[in-house]
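Shown next, in structure tokens, is the structure this report addresses.
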Amino acid sequence: MTELMLKYFRDKQQKVQAEKVYDSQCPYCSMQCKMQLIEQTVVSRKKYKTIGKDNPTSEGRLCIKGMNAHQHALHQGRLKQPLLKVDGEFVPVSWDVALETIRDNFLKIQTHDGLDALSVYGSASITNEEAYLLGKFARVALQTKHIDYNGRLCMGAAATGANLTFGMDRGFTNTIKEIPHTRCIILAGTNIAECQPTIMPYFERAKENGAYIIAIDPRETATTKIADLHIKNKPGSDPALANGLLKVITDKNLLDKHFINERTNGFEEVQQHVTSMNLEDIAITTGVTTSEIVQAATVFGQEPSGMIFTARGIEQQIDGTDTVRGFLNLLLATGKIGKPYSGYGAVTGQGNGQGAREHGQKADQLPGYRSIENPEHRSFISDVWGIDEQDLPRKGVSAYEMFEKVDEGLITGMFVMCSNPVVSNPNANFVKKALKKLKFLVAVDMFLSETAKLADLVLPSSSYLEDEGTMTNVEGRVMLREASFPLPGEVKHDWQILCEISKKLGKEHYFPYQSAEEIFEELRIASRGGKADYFGITYDRLRKEQGILWPCPSPNDTGTERLFETSFAHEDKKAKMAVVASQPNTPKPTTSTEFPLLLTTGRVMAHYLTGEQTRKSPSLAARDFEAFMEIHPDTALMYGLKENALVNIESTKGSIVVRSRWSSTIRKDTIFVPFHWTETQNVNRLVADQLDPYCRMPGFKVSAVRVSAHN
Ligand SMILES: Nc1nc2c(c(=O)[nH]1)N[C@H]1C(S)=C(S)[C@@H](COP(=O)(O)OP(=O)(O)OC[C@H]3O[C@@H](n4cnc5c(=O)[nH]c(N)nc54)[C@H](O)[C@@H]3O)O[C@H]1N2
Ligand SMILES: Nc1nc2c(c(=O)[nH]1)N[C@H]1C(S)=C(S)[C@@H](COP(=O)(O)OP(=O)(O)OC[C@H]3O[C@@H](n4cnc5c(=O)[nH]c(N)nc54)[C@H](O)[C@@H]3O)O[C@H]1N2
Ligand code: SF4
Ligand SMILES: [Mo]
């Protein structure tokens, strides 16, 4: 360092009058990178920066979203008081008025329209404690069966697929530290480089160690660039591709017969199904060459170890469950699961995408991954909650189906916590219209999102910097997010809001908590003996051990690193292979003369989900400030579309206007639009409303559309 530089830093240091450090964890993706917010006071002005902190999963790394996360949490647009809509305008009100308004409206709705007329829409971005409490709030405080959450649109297919095949769903069957040692990796519909950036070094190390990487994606991304083979298939053709891969493995006798016999059921039917297929037909359906399919299958079959990672590209389909099962068949047929360096990874999406799907905010679930229709599970949880089993509601409907019930007039009130469903649900024009029909809508958010704007009452909630609790990361590792930053204005934590509403409804004895840890203590008991058993986990242990992988059934258990080493979680201890149709019964959207292009949707590095948080962050907004359409130049020219010009995209469901961005690496029959923007840039106005029959996942990844220049 030169003298001049030293002087500069010395002067700067002297100007910092005080420095405070707040421990935290990133509010965005499932990596849940540990971080610290540094607050410096310089000449009575506060300055902030975020730095990474070491831990077993993210190893101290942060991506650009994490580094800039504090920008939205400290944004002036944060809601600081409850807002009540009076004559179409929001006016600030006290918490007391807000809570009384809720009580009066909830009671009116349930008296006139029935208990189930009230609904709850939750989120996988809240803590385990809050997800658990939201489920209890719906069932005990409101006594409604109508609760579901945004994870339905996210991890639904992966979770259902894994439950059906393995009997249990923990996203990663192995720890992240095994990835560098595996020999072959299939990345099916996952863009980890942009969506879980700090995981990349594990895959880069695998590549350095000689692993062969196969990526399956209709477009080139930062992820497909690390692949040895990029299979650029047609959107929605993945079940056919999985069948094709298994056919080659079977025809070339690359099967692990011993594993198939000892550990699985259903192989014969699957074998018959795939061997009767014609590889040329599969190549036509998938839009790739037979040699690519043969190459991928041969390497995966021959290597001694292998891992398959799937994400929303193959899962957000109306046959997403089957597609996941098609890829799991490959692991089972080659014996690549339950062993070192071999296994499955459903790359979880939201920060608590894993934990929030285990503790009972899904329509059919109770805490600990229990089922709301199972008599033993019902009575166990009723005992924990101190209610009569008869009073525990039964299962309700999925996230999108709740809006159909709103439209039909069967649901007349809704409580939305930490989600922006008018932007994130398919058929967004319909969802928005349905929400306007509600007699009473409450939104709990940090900002006035597009959904919150429609609400009758908006409650201000705390951010990741302020709200302590546990999150279960991509590996299934339960982590304690410390939080000590002061609450702005009259903001309350989500769990406090639930307790206070319950109190107003006269149910306070079921919700007596004074801290997140007290809720966790009850969650431990409620999850005890369930598949997602957290009983052995405590805040103290999480602090000392830097996270624990579930199941962890007792305080002296160290947690479970690798699943299925000796048995699967079905009663007969075997995995169930599944015959997977290359096309679902209800066909996926396909091109026609009227709608000649396939649209797929997804993410970019700098923005997160509906963009409500990342669009508030100047550093992130600057990277991408508007929605765009990725299109091949040849296709663009065919429809007279210039680069960088505004274009209309239309489907049977609606139309949007976005900017065209030419890319010579996307398939010519496919366009891609990210979903981080709202209103006329909201791509979900184009997505149709068919759902997967098993998990009720919408088909976000295939729509049929037409494009034209916007004049
Ligand atoms: N930067 C950023 N990171 C995020 C998020 C975010 O919004 N922004 N969101 C978080 C959440 S909640 C989630 S769920 C995850 C999502 O993580 P991903 O699932 O990895 O993200 P997507 O971009 O939705 O889709 C992944 C890839 O699937 C491809 N794809 C599209 N259609 C198909 C198809 O039919 N078949 C195949 N094989 N591939 C297809 C897309 O081109 C895309 O590159 O990311 C998490 N991390
Ligand atoms: N076309 C298309 N649509 C998709 C997808 C796709 O790939 N394509 N992906 C789907 C997926 S995977 C997902 S996960 C969903 C996500 O869909 P959403 O849940 O609608 O997305 P978010 O933007 O996370 O909405 C969270 C809202 O809660 C607020 N918020 C953030 N933190 C907190 C908190 O701690 N408490 C409270 N009370 N509020 C908070 C934010 O300001 C924001 O308004 O979108 C789905 N929709
Ligand atoms: S967005 Fe994900 S990868 Fe990036 S810092 Fe946050 S948790 Fe880590
Ligand atoms: Mo997600």
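Going by the structure tokens order, chains are called A, B, ..., each with residues numbered from 1, while ligands are numbered from 1 in the order shown.
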Asn585 of chain A environment, 10 Å, only C-alpha atoms, sequence neighbours closer than 4 positions dropped, as a list in words: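 Answer for this query is Ile318, Asp319, Ala581 and Pro693 of chain A.
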Within 6 Å of segment 351-354 of chain A using only C-alpha atoms, minus same-chain residues under 5 positions, as a PyMOL selection string: chain A and resi 28-30+32+124-125+471-472
Write to file, as a tab-separated table (two decimals), in the first residue's frame, the residues of the selection just made, with N, CA, C and O atoms.
chain	number	residue	atom	x	y	z
A	28	TYR	N	-32.91	-14.37	0.98
A	28	TYR	CA	-33.33	-14.88	-0.33
A	28	TYR	C	-33.27	-16.41	-0.40
A	28	TYR	O	-34.02	-17.08	0.26
A	29	CYS	N	-32.34	-16.96	-1.18
A	29	CYS	CA	-32.50	-18.35	-1.61
A	29	CYS	C	-32.16	-19.38	-0.53
A	29	CYS	O	-31.73	-19.05	0.58
A	30	SER	N	-32.32	-20.64	-0.92
A	30	SER	CA	-32.18	-21.78	-0.02
A	30	SER	C	-30.76	-22.02	0.49
A	30	SER	O	-30.55	-22.85	1.36
A	32	GLN	N	-29.17	-19.94	2.18
A	32	GLN	CA	-29.19	-19.34	3.52
A	32	GLN	C	-27.79	-18.97	4.01
A	32	GLN	O	-27.37	-19.34	5.13
A	124	ALA	N	-42.98	-19.76	2.15
A	124	ALA	CA	-41.77	-20.48	2.55
A	124	ALA	C	-40.60	-19.52	2.72
A	124	ALA	O	-39.45	-19.92	2.75
A	125	SER	N	-40.91	-18.23	2.84
A	125	SER	CA	-39.85	-17.27	3.16
A	125	SER	C	-39.92	-16.86	4.62
A	125	SER	O	-39.14	-16.03	5.08
A	471	MET	N	-34.34	-21.48	9.96
A	471	MET	CA	-34.63	-21.73	8.55
A	471	MET	C	-33.93	-23.06	8.21
A	471	MET	O	-32.83	-23.31	8.71
A	472	THR	N	-34.54	-23.87	7.36
A	472	THR	CA	-33.92	-25.15	7.00
A	472	THR	C	-33.41	-25.02	5.57
A	472	THR	O	-34.20	-24.79	4.65
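When only C-alpha atoms and all ligand atoms are used to compute distances to ligand 3, the closest of the residues A:Gly326, A:Gly409, A:Gly349, A:Gly171 turns out to be A:Gly349.
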Give me, as a short mmCIF file (atom, residue, chain, number, x, y, z; two decimals) with all heavy atoms, in the first residue's frame, the residues of segment 515-694 of chain A that a backbone DSSP run labels strand (DSSP E or B).
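Full text of selection_22.cif as output:
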data_model
loop_
_atom_site.label_atom_id
_atom_site.label_comp_id
_atom_site.auth_asym_id
_atom_site.auth_seq_id
_atom_site.Cartn_x
_atom_site.Cartn_y
_atom_site.Cartn_z
N ILE A 548 -27.99 -28.25 12.05
CA ILE A 548 -28.14 -29.72 12.21
C ILE A 548 -29.05 -30.23 11.10
O ILE A 548 -30.08 -29.64 10.81
CB ILE A 548 -28.75 -30.05 13.59
CG1 ILE A 548 -27.80 -29.61 14.71
CG2 ILE A 548 -29.07 -31.55 13.71
CD1 ILE A 548 -28.39 -29.71 16.11
N LEU A 549 -28.64 -31.34 10.47
CA LEU A 549 -29.44 -31.94 9.40
C LEU A 549 -30.52 -32.84 9.99
O LEU A 549 -30.21 -33.73 10.79
CB LEU A 549 -28.54 -32.75 8.48
CG LEU A 549 -27.63 -31.90 7.59
CD1 LEU A 549 -26.21 -32.42 7.60
CD2 LEU A 549 -28.17 -31.86 6.17
N ALA A 575 -37.82 -48.54 -2.37
CA ALA A 575 -38.25 -47.40 -3.18
C ALA A 575 -39.21 -47.90 -4.26
O ALA A 575 -39.12 -49.05 -4.69
CB ALA A 575 -37.04 -46.74 -3.82
N LYS A 576 -40.12 -47.01 -4.70
CA LYS A 576 -41.11 -47.39 -5.72
C LYS A 576 -40.77 -46.72 -7.04
O LYS A 576 -40.87 -45.49 -7.16
CB LYS A 576 -42.49 -46.88 -5.30
CG LYS A 576 -43.20 -47.72 -4.27
CD LYS A 576 -44.70 -47.37 -4.28
CE LYS A 576 -45.44 -48.10 -3.19
NZ LYS A 576 -45.38 -47.48 -1.88
N LEU A 597 -45.20 -20.04 -30.72
CA LEU A 597 -43.96 -20.16 -29.94
C LEU A 597 -44.23 -20.74 -28.54
O LEU A 597 -45.32 -20.55 -27.98
CB LEU A 597 -43.30 -18.79 -29.78
CG LEU A 597 -42.71 -18.17 -31.05
CD1 LEU A 597 -42.27 -16.74 -30.77
CD2 LEU A 597 -41.53 -18.99 -31.58
N LEU A 598 -43.21 -21.41 -28.00
CA LEU A 598 -43.31 -21.89 -26.62
C LEU A 598 -42.68 -20.84 -25.71
O LEU A 598 -41.59 -20.35 -25.99
CB LEU A 598 -42.55 -23.21 -26.47
CG LEU A 598 -43.15 -24.41 -27.23
CD1 LEU A 598 -42.21 -25.61 -27.13
CD2 LEU A 598 -44.53 -24.78 -26.68
N LEU A 599 -43.40 -20.51 -24.65
CA LEU A 599 -42.86 -19.55 -23.67
C LEU A 599 -42.46 -20.32 -22.42
O LEU A 599 -43.22 -21.15 -21.92
CB LEU A 599 -43.95 -18.54 -23.28
CG LEU A 599 -43.73 -17.78 -21.96
CD1 LEU A 599 -42.64 -16.72 -22.11
CD2 LEU A 599 -45.02 -17.13 -21.48
N THR A 600 -41.26 -20.08 -21.92
CA THR A 600 -40.91 -20.59 -20.61
C THR A 600 -40.50 -19.41 -19.73
O THR A 600 -40.16 -18.34 -20.24
CB THR A 600 -39.86 -21.71 -20.66
OG1 THR A 600 -39.80 -22.32 -19.37
CG2 THR A 600 -38.47 -21.20 -21.02
N THR A 601 -40.60 -19.60 -18.41
CA THR A 601 -40.37 -18.48 -17.49
C THR A 601 -39.37 -18.88 -16.41
O THR A 601 -39.13 -20.07 -16.21
CB THR A 601 -41.69 -18.07 -16.79
OG1 THR A 601 -42.11 -19.16 -15.96
CG2 THR A 601 -42.79 -17.74 -17.79
N GLY A 602 -38.81 -17.91 -15.74
CA GLY A 602 -37.84 -18.24 -14.68
C GLY A 602 -37.23 -16.99 -14.10
O GLY A 602 -37.92 -15.98 -13.93
N PHE A 628 -37.94 -8.60 -19.69
CA PHE A 628 -37.48 -8.77 -21.07
C PHE A 628 -37.86 -10.15 -21.59
O PHE A 628 -38.26 -11.03 -20.82
CB PHE A 628 -35.96 -8.56 -21.16
CG PHE A 628 -35.17 -9.57 -20.37
CD1 PHE A 628 -34.80 -10.78 -20.92
CD2 PHE A 628 -34.81 -9.32 -19.05
CE1 PHE A 628 -34.09 -11.73 -20.19
CE2 PHE A 628 -34.09 -10.26 -18.31
CZ PHE A 628 -33.73 -11.46 -18.88
N MET A 629 -37.73 -10.30 -22.90
CA MET A 629 -38.00 -11.58 -23.54
C MET A 629 -36.73 -12.01 -24.24
O MET A 629 -36.22 -11.28 -25.09
CB MET A 629 -39.12 -11.40 -24.57
CG MET A 629 -39.23 -12.54 -25.55
SD MET A 629 -40.41 -12.18 -26.86
CE MET A 629 -39.48 -11.12 -27.93
N GLU A 630 -36.22 -13.19 -23.85
CA GLU A 630 -35.05 -13.72 -24.55
C GLU A 630 -35.57 -14.46 -25.78
O GLU A 630 -36.45 -15.32 -25.67
CB GLU A 630 -34.34 -14.69 -23.59
CG GLU A 630 -32.94 -15.05 -23.97
CD GLU A 630 -32.31 -15.97 -22.91
OE1 GLU A 630 -32.40 -15.66 -21.70
OE2 GLU A 630 -31.76 -17.00 -23.31
N ILE A 631 -35.04 -14.12 -26.96
CA ILE A 631 -35.54 -14.72 -28.21
C ILE A 631 -34.37 -14.90 -29.18
O ILE A 631 -33.43 -14.09 -29.19
CB ILE A 631 -36.65 -13.82 -28.84
CG1 ILE A 631 -37.31 -14.51 -30.04
CG2 ILE A 631 -36.13 -12.43 -29.22
CD1 ILE A 631 -38.59 -13.83 -30.53
N LEU A 646 -39.73 -2.75 -27.65
CA LEU A 646 -40.86 -3.30 -26.89
C LEU A 646 -41.65 -4.25 -27.77
O LEU A 646 -41.88 -3.98 -28.95
CB LEU A 646 -41.76 -2.16 -26.39
CG LEU A 646 -41.16 -1.27 -25.30
CD1 LEU A 646 -42.13 -0.17 -24.92
CD2 LEU A 646 -40.79 -2.10 -24.06
N VAL A 647 -42.07 -5.36 -27.16
CA VAL A 647 -42.85 -6.36 -27.91
C VAL A 647 -44.08 -6.77 -27.10
O VAL A 647 -44.07 -6.73 -25.86
CB VAL A 647 -42.02 -7.64 -28.20
CG1 VAL A 647 -40.95 -7.37 -29.22
CG2 VAL A 647 -41.43 -8.22 -26.93
N ASN A 648 -45.13 -7.17 -27.82
CA ASN A 648 -46.32 -7.75 -27.16
C ASN A 648 -46.14 -9.25 -27.16
O ASN A 648 -45.73 -9.82 -28.17
CB ASN A 648 -47.60 -7.48 -27.95
CG ASN A 648 -47.81 -6.01 -28.21
OD1 ASN A 648 -47.64 -5.20 -27.32
ND2 ASN A 648 -48.17 -5.68 -29.44
N ILE A 649 -46.51 -9.88 -26.06
CA ILE A 649 -46.60 -11.34 -26.04
C ILE A 649 -48.02 -11.66 -25.61
O ILE A 649 -48.53 -11.10 -24.63
CB ILE A 649 -45.61 -11.99 -25.05
CG1 ILE A 649 -44.22 -11.36 -25.17
CG2 ILE A 649 -45.55 -13.49 -25.26
CD1 ILE A 649 -43.19 -11.92 -24.19
N GLU A 650 -48.67 -12.56 -26.37
CA GLU A 650 -50.07 -12.91 -26.06
C GLU A 650 -50.24 -14.41 -25.94
O GLU A 650 -49.61 -15.17 -26.68
CB GLU A 650 -50.99 -12.44 -27.19
CG GLU A 650 -51.15 -10.95 -27.31
CD GLU A 650 -51.75 -10.60 -28.65
OE1 GLU A 650 -52.99 -10.60 -28.76
OE2 GLU A 650 -50.97 -10.39 -29.60
N SER A 655 -52.14 -10.71 -22.15
CA SER A 655 -51.03 -10.18 -22.93
C SER A 655 -50.14 -9.31 -22.04
O SER A 655 -50.60 -8.78 -21.01
CB SER A 655 -51.57 -9.34 -24.09
OG SER A 655 -52.26 -8.23 -23.58
N ILE A 656 -48.87 -9.20 -22.42
CA ILE A 656 -47.93 -8.34 -21.68
C ILE A 656 -47.05 -7.59 -22.68
O ILE A 656 -47.02 -7.94 -23.86
CB ILE A 656 -47.03 -9.14 -20.70
CG1 ILE A 656 -46.20 -10.20 -21.44
CG2 ILE A 656 -47.86 -9.78 -19.61
CD1 ILE A 656 -45.12 -10.84 -20.57
N VAL A 657 -46.35 -6.59 -22.17
CA VAL A 657 -45.41 -5.84 -23.02
C VAL A 657 -44.04 -5.86 -22.33
O VAL A 657 -43.92 -5.43 -21.17
CB VAL A 657 -45.87 -4.37 -23.17
CG1 VAL A 657 -44.91 -3.61 -24.09
CG2 VAL A 657 -47.28 -4.30 -23.71
N VAL A 658 -43.04 -6.38 -23.04
CA VAL A 658 -41.68 -6.43 -22.47
C VAL A 658 -40.67 -6.07 -23.56
O VAL A 658 -41.05 -5.90 -24.72
CB VAL A 658 -41.34 -7.84 -21.90
CG1 VAL A 658 -42.27 -8.21 -20.77
CG2 VAL A 658 -41.36 -8.89 -22.99
N ARG A 659 -39.41 -5.96 -23.18
CA ARG A 659 -38.38 -5.59 -24.16
C ARG A 659 -37.73 -6.85 -24.74
O ARG A 659 -37.52 -7.83 -24.03
CB ARG A 659 -37.33 -4.72 -23.47
CG ARG A 659 -36.51 -3.89 -24.45
CD ARG A 659 -35.73 -2.81 -23.75
NE ARG A 659 -36.55 -1.73 -23.21
CZ ARG A 659 -37.08 -0.73 -23.93
NH1 ARG A 659 -36.90 -0.67 -25.23
NH2 ARG A 659 -37.79 0.21 -23.34
N SER A 660 -37.43 -6.80 -26.04
CA SER A 660 -36.82 -8.00 -26.64
C SER A 660 -35.31 -7.99 -26.41
O SER A 660 -34.67 -6.92 -26.43
CB SER A 660 -37.14 -8.06 -28.13
OG SER A 660 -36.18 -7.36 -28.86
N ARG A 661 -34.78 -9.16 -26.15
CA ARG A 661 -33.34 -9.30 -25.95
C ARG A 661 -32.91 -10.50 -26.79
O ARG A 661 -33.34 -11.62 -26.53
CB ARG A 661 -33.07 -9.56 -24.46
CG ARG A 661 -31.63 -9.39 -24.08
CD ARG A 661 -31.43 -9.66 -22.60
NE ARG A 661 -31.72 -8.52 -21.74
CZ ARG A 661 -31.54 -8.53 -20.42
NH1 ARG A 661 -31.10 -9.62 -19.81
NH2 ARG A 661 -31.81 -7.46 -19.69
N TRP A 662 -32.12 -10.26 -27.81
CA TRP A 662 -31.71 -11.34 -28.71
C TRP A 662 -30.67 -12.24 -28.05
O TRP A 662 -29.77 -11.76 -27.37
CB TRP A 662 -31.12 -10.77 -30.00
CG TRP A 662 -32.16 -10.17 -30.90
CD1 TRP A 662 -33.45 -9.90 -30.59
CD2 TRP A 662 -31.98 -9.76 -32.25
NE1 TRP A 662 -34.09 -9.34 -31.65
CE2 TRP A 662 -33.22 -9.24 -32.70
CE3 TRP A 662 -30.91 -9.78 -33.16
CZ2 TRP A 662 -33.41 -8.75 -33.99
CZ3 TRP A 662 -31.09 -9.28 -34.44
CH2 TRP A 662 -32.33 -8.77 -34.85
N THR A 670 -38.53 -21.34 -28.84
CA THR A 670 -38.79 -21.02 -27.43
C THR A 670 -38.41 -19.58 -27.10
O THR A 670 -37.39 -19.09 -27.57
CB THR A 670 -37.95 -21.96 -26.53
OG1 THR A 670 -38.27 -23.32 -26.85
CG2 THR A 670 -38.20 -21.73 -25.05
N ILE A 671 -39.24 -18.91 -26.29
CA ILE A 671 -38.82 -17.63 -25.72
C ILE A 671 -38.83 -17.76 -24.19
O ILE A 671 -39.51 -18.64 -23.64
CB ILE A 671 -39.72 -16.45 -26.17
CG1 ILE A 671 -41.17 -16.66 -25.72
CG2 ILE A 671 -39.63 -16.22 -27.67
CD1 ILE A 671 -42.04 -15.43 -25.87
N PHE A 672 -38.07 -16.89 -23.53
CA PHE A 672 -37.96 -16.94 -22.06
C PHE A 672 -38.24 -15.56 -21.50
O PHE A 672 -37.72 -14.56 -22.00
CB PHE A 672 -36.54 -17.38 -21.68
CG PHE A 672 -36.21 -17.22 -20.22
CD1 PHE A 672 -36.60 -18.19 -19.30
CD2 PHE A 672 -35.50 -16.11 -19.75
CE1 PHE A 672 -36.29 -18.05 -17.94
CE2 PHE A 672 -35.19 -15.96 -18.40
CZ PHE A 672 -35.59 -16.94 -17.50
N VAL A 673 -39.09 -15.50 -20.48
CA VAL A 673 -39.36 -14.22 -19.80
C VAL A 673 -39.26 -14.45 -18.29
O VAL A 673 -39.91 -15.34 -17.76
CB VAL A 673 -40.78 -13.68 -20.14
CG1 VAL A 673 -41.06 -12.37 -19.41
CG2 VAL A 673 -40.96 -13.50 -21.64
N PRO A 674 -38.45 -13.66 -17.57
CA PRO A 674 -38.41 -13.80 -16.11
C PRO A 674 -39.68 -13.21 -15.47
O PRO A 674 -40.35 -12.38 -16.10
CB PRO A 674 -37.17 -12.99 -15.71
CG PRO A 674 -36.88 -12.08 -16.84
CD PRO A 674 -37.51 -12.64 -18.07
N LEU A 691 -53.30 -27.81 -13.64
CA LEU A 691 -52.45 -28.18 -12.50
C LEU A 691 -52.07 -29.64 -12.57
O LEU A 691 -52.83 -30.46 -13.11
CB LEU A 691 -53.20 -27.91 -11.19
CG LEU A 691 -53.73 -26.49 -10.95
CD1 LEU A 691 -54.58 -26.44 -9.68
CD2 LEU A 691 -52.60 -25.47 -10.86
#
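Remark: for Trp95 of chain A, the closest of the candidate residues A:Pro421, A:Pro304, A:Gly335, A:Pro460 is A:Pro460 (distances computed over only C-alpha atoms).
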Close residues, segment 534-541 of chain A itself excluded, 7 Å, only C-alpha atoms, min 5 positions apart in chain, as a VMD selection string: chain A and resid 480 524 to 525 527 to 528 550 to 557
Coordinates-based distance that separates atom 7 (O, counted along the ligand's line) of ligand 1 from atom CA of Lys653 of chain A (Å, one decimal):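 A separation of 23.0 Å between them.
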Cut-off 7 Å, only C-alpha atoms and all ligand atoms, neighbours of ligand 4 as a list of chain:residue names: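 Listing the residues within 7 Å of ligand 4 gives A:Gly151, A:Leu153, A:Cys154, A:Met155, A:Gly349, A:Gln350.
In this comparison, which uses only C-alpha atoms and all ligand atoms, the residue of A:Met402, A:Ile185, A:Cys33, A:Ala606 approaching ligand 1 most closely is A:Ala606.
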Thr57 of chain A environment, 12 Å, only C-alpha atoms, sequence neighbours closer than 2 positions dropped, as number ranges by chain: A: 30-34, 52-55, 59-62, 175-179, 196, 198-202, 472-479, 546-549
Selection from above, N, CA and C atoms, as a compact mmCIF listing (two decimals), in the first residue's frame, can you write it?
# COMPACT_ATOMS: atom_id res chain seq x y z
N SER A 30 -32.32 -20.64 -0.92
CA SER A 30 -32.18 -21.78 -0.02
C SER A 30 -30.76 -22.02 0.49
N MET A 31 -29.77 -21.32 -0.05
CA MET A 31 -28.41 -21.49 0.47
C MET A 31 -28.32 -20.94 1.90
N GLN A 32 -29.17 -19.94 2.18
CA GLN A 32 -29.19 -19.34 3.52
C GLN A 32 -27.79 -18.97 4.01
N CYS A 33 -27.07 -18.24 3.16
CA CYS A 33 -25.72 -17.80 3.50
C CYS A 33 -25.74 -16.98 4.78
N LYS A 34 -24.82 -17.30 5.66
CA LYS A 34 -24.66 -16.53 6.91
C LYS A 34 -23.98 -15.22 6.56
N GLY A 52 -20.00 -11.68 4.18
CA GLY A 52 -20.30 -13.09 4.42
C GLY A 52 -19.68 -13.59 5.71
N LYS A 53 -20.25 -14.67 6.26
CA LYS A 53 -19.72 -15.26 7.49
C LYS A 53 -19.61 -16.77 7.30
N ASP A 54 -18.52 -17.32 7.78
CA ASP A 54 -18.26 -18.74 7.52
C ASP A 54 -19.34 -19.65 8.11
N ASN A 55 -19.65 -20.71 7.41
CA ASN A 55 -20.56 -21.77 7.90
C ASN A 55 -20.44 -22.95 6.96
N GLU A 59 -19.83 -21.49 3.23
CA GLU A 59 -18.39 -21.31 3.44
C GLU A 59 -17.96 -19.84 3.39
N GLY A 60 -18.85 -18.96 3.85
CA GLY A 60 -18.50 -17.54 3.91
C GLY A 60 -18.81 -16.74 2.66
N ARG A 61 -19.29 -17.42 1.62
CA ARG A 61 -19.55 -16.68 0.37
C ARG A 61 -20.90 -15.95 0.42
N LEU A 62 -21.03 -14.94 -0.43
CA LEU A 62 -22.30 -14.25 -0.67
C LEU A 62 -22.39 -13.98 -2.16
N THR A 175 -25.11 -34.68 1.84
CA THR A 175 -24.69 -33.31 2.16
C THR A 175 -24.00 -32.71 0.94
N ILE A 176 -23.97 -31.40 0.98
CA ILE A 176 -23.39 -30.64 -0.12
C ILE A 176 -21.90 -30.97 -0.29
N LYS A 177 -21.25 -31.37 0.80
CA LYS A 177 -19.80 -31.60 0.69
C LYS A 177 -19.45 -32.89 -0.06
N GLU A 178 -20.47 -33.69 -0.41
CA GLU A 178 -20.19 -34.88 -1.23
C GLU A 178 -20.09 -34.54 -2.72
N ILE A 179 -20.67 -33.39 -3.11
CA ILE A 179 -20.75 -33.06 -4.54
C ILE A 179 -19.38 -33.09 -5.24
N GLN A 196 -28.68 -20.18 -7.05
CA GLN A 196 -28.03 -20.51 -5.77
C GLN A 196 -26.54 -20.30 -5.99
N THR A 198 -23.86 -19.33 -4.61
CA THR A 198 -22.76 -19.72 -3.72
C THR A 198 -22.58 -21.24 -3.63
N ILE A 199 -23.44 -21.99 -4.33
CA ILE A 199 -23.26 -23.45 -4.38
C ILE A 199 -22.24 -23.82 -5.46
N MET A 200 -22.00 -22.89 -6.38
CA MET A 200 -21.21 -23.23 -7.57
C MET A 200 -19.83 -23.83 -7.28
N PRO A 201 -19.09 -23.31 -6.30
CA PRO A 201 -17.76 -23.89 -6.06
C PRO A 201 -17.79 -25.41 -5.82
N TYR A 202 -18.88 -25.94 -5.25
CA TYR A 202 -18.96 -27.40 -5.06
C TYR A 202 -18.94 -28.11 -6.41
N THR A 472 -34.54 -23.87 7.36
CA THR A 472 -33.92 -25.15 7.00
C THR A 472 -33.41 -25.02 5.57
N ASN A 473 -32.12 -25.13 5.37
CA ASN A 473 -31.53 -24.75 4.08
C ASN A 473 -31.60 -25.88 3.06
N VAL A 474 -30.97 -25.63 1.92
CA VAL A 474 -31.03 -26.52 0.75
C VAL A 474 -30.63 -27.96 1.10
N GLU A 475 -29.74 -28.11 2.06
CA GLU A 475 -29.27 -29.45 2.44
C GLU A 475 -30.21 -30.16 3.39
N GLY A 476 -31.18 -29.42 3.97
CA GLY A 476 -31.98 -29.99 5.05
C GLY A 476 -31.33 -29.68 6.39
N ARG A 477 -30.44 -28.69 6.38
CA ARG A 477 -29.73 -28.29 7.60
C ARG A 477 -30.53 -27.17 8.29
N VAL A 478 -30.95 -27.43 9.52
CA VAL A 478 -31.69 -26.42 10.27
C VAL A 478 -30.67 -25.42 10.80
N MET A 479 -30.91 -24.13 10.53
CA MET A 479 -29.95 -23.08 10.92
C MET A 479 -30.68 -22.01 11.73
N GLN A 546 -23.46 -25.03 14.45
CA GLN A 546 -23.62 -24.39 13.14
C GLN A 546 -24.63 -25.13 12.26
N GLY A 547 -25.76 -25.49 12.82
CA GLY A 547 -26.81 -26.14 12.03
C GLY A 547 -26.80 -27.65 12.20
N ILE A 548 -27.99 -28.25 12.05
CA ILE A 548 -28.14 -29.72 12.21
C ILE A 548 -29.05 -30.23 11.10
N LEU A 549 -28.64 -31.34 10.47
CA LEU A 549 -29.44 -31.94 9.40
C LEU A 549 -30.52 -32.84 9.99
Test item: residues lying within 6 Å of ligand 1 with only C-alpha atoms and all ligand atoms, as a ChimeraX atom specification: /A:29,154,188-192,194-196,216-219,235-236,238,311-314,349-350,600,602-609,701
Point-to-point distance in Å for atom CA of Trp385 of chain A and atom CA of Tyr149 of chain A: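 It comes out at 21.4 Å.
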Protein and nucleic acid residues within 6 Å of ligand 2 (only C-alpha atoms and all ligand atoms) as a PyMOL selection string: chain A and resi 123+126+150-151+153-154+350+417-421+424-425+444-447+449+461-463+494+601-602+609-613+675+683-684+700
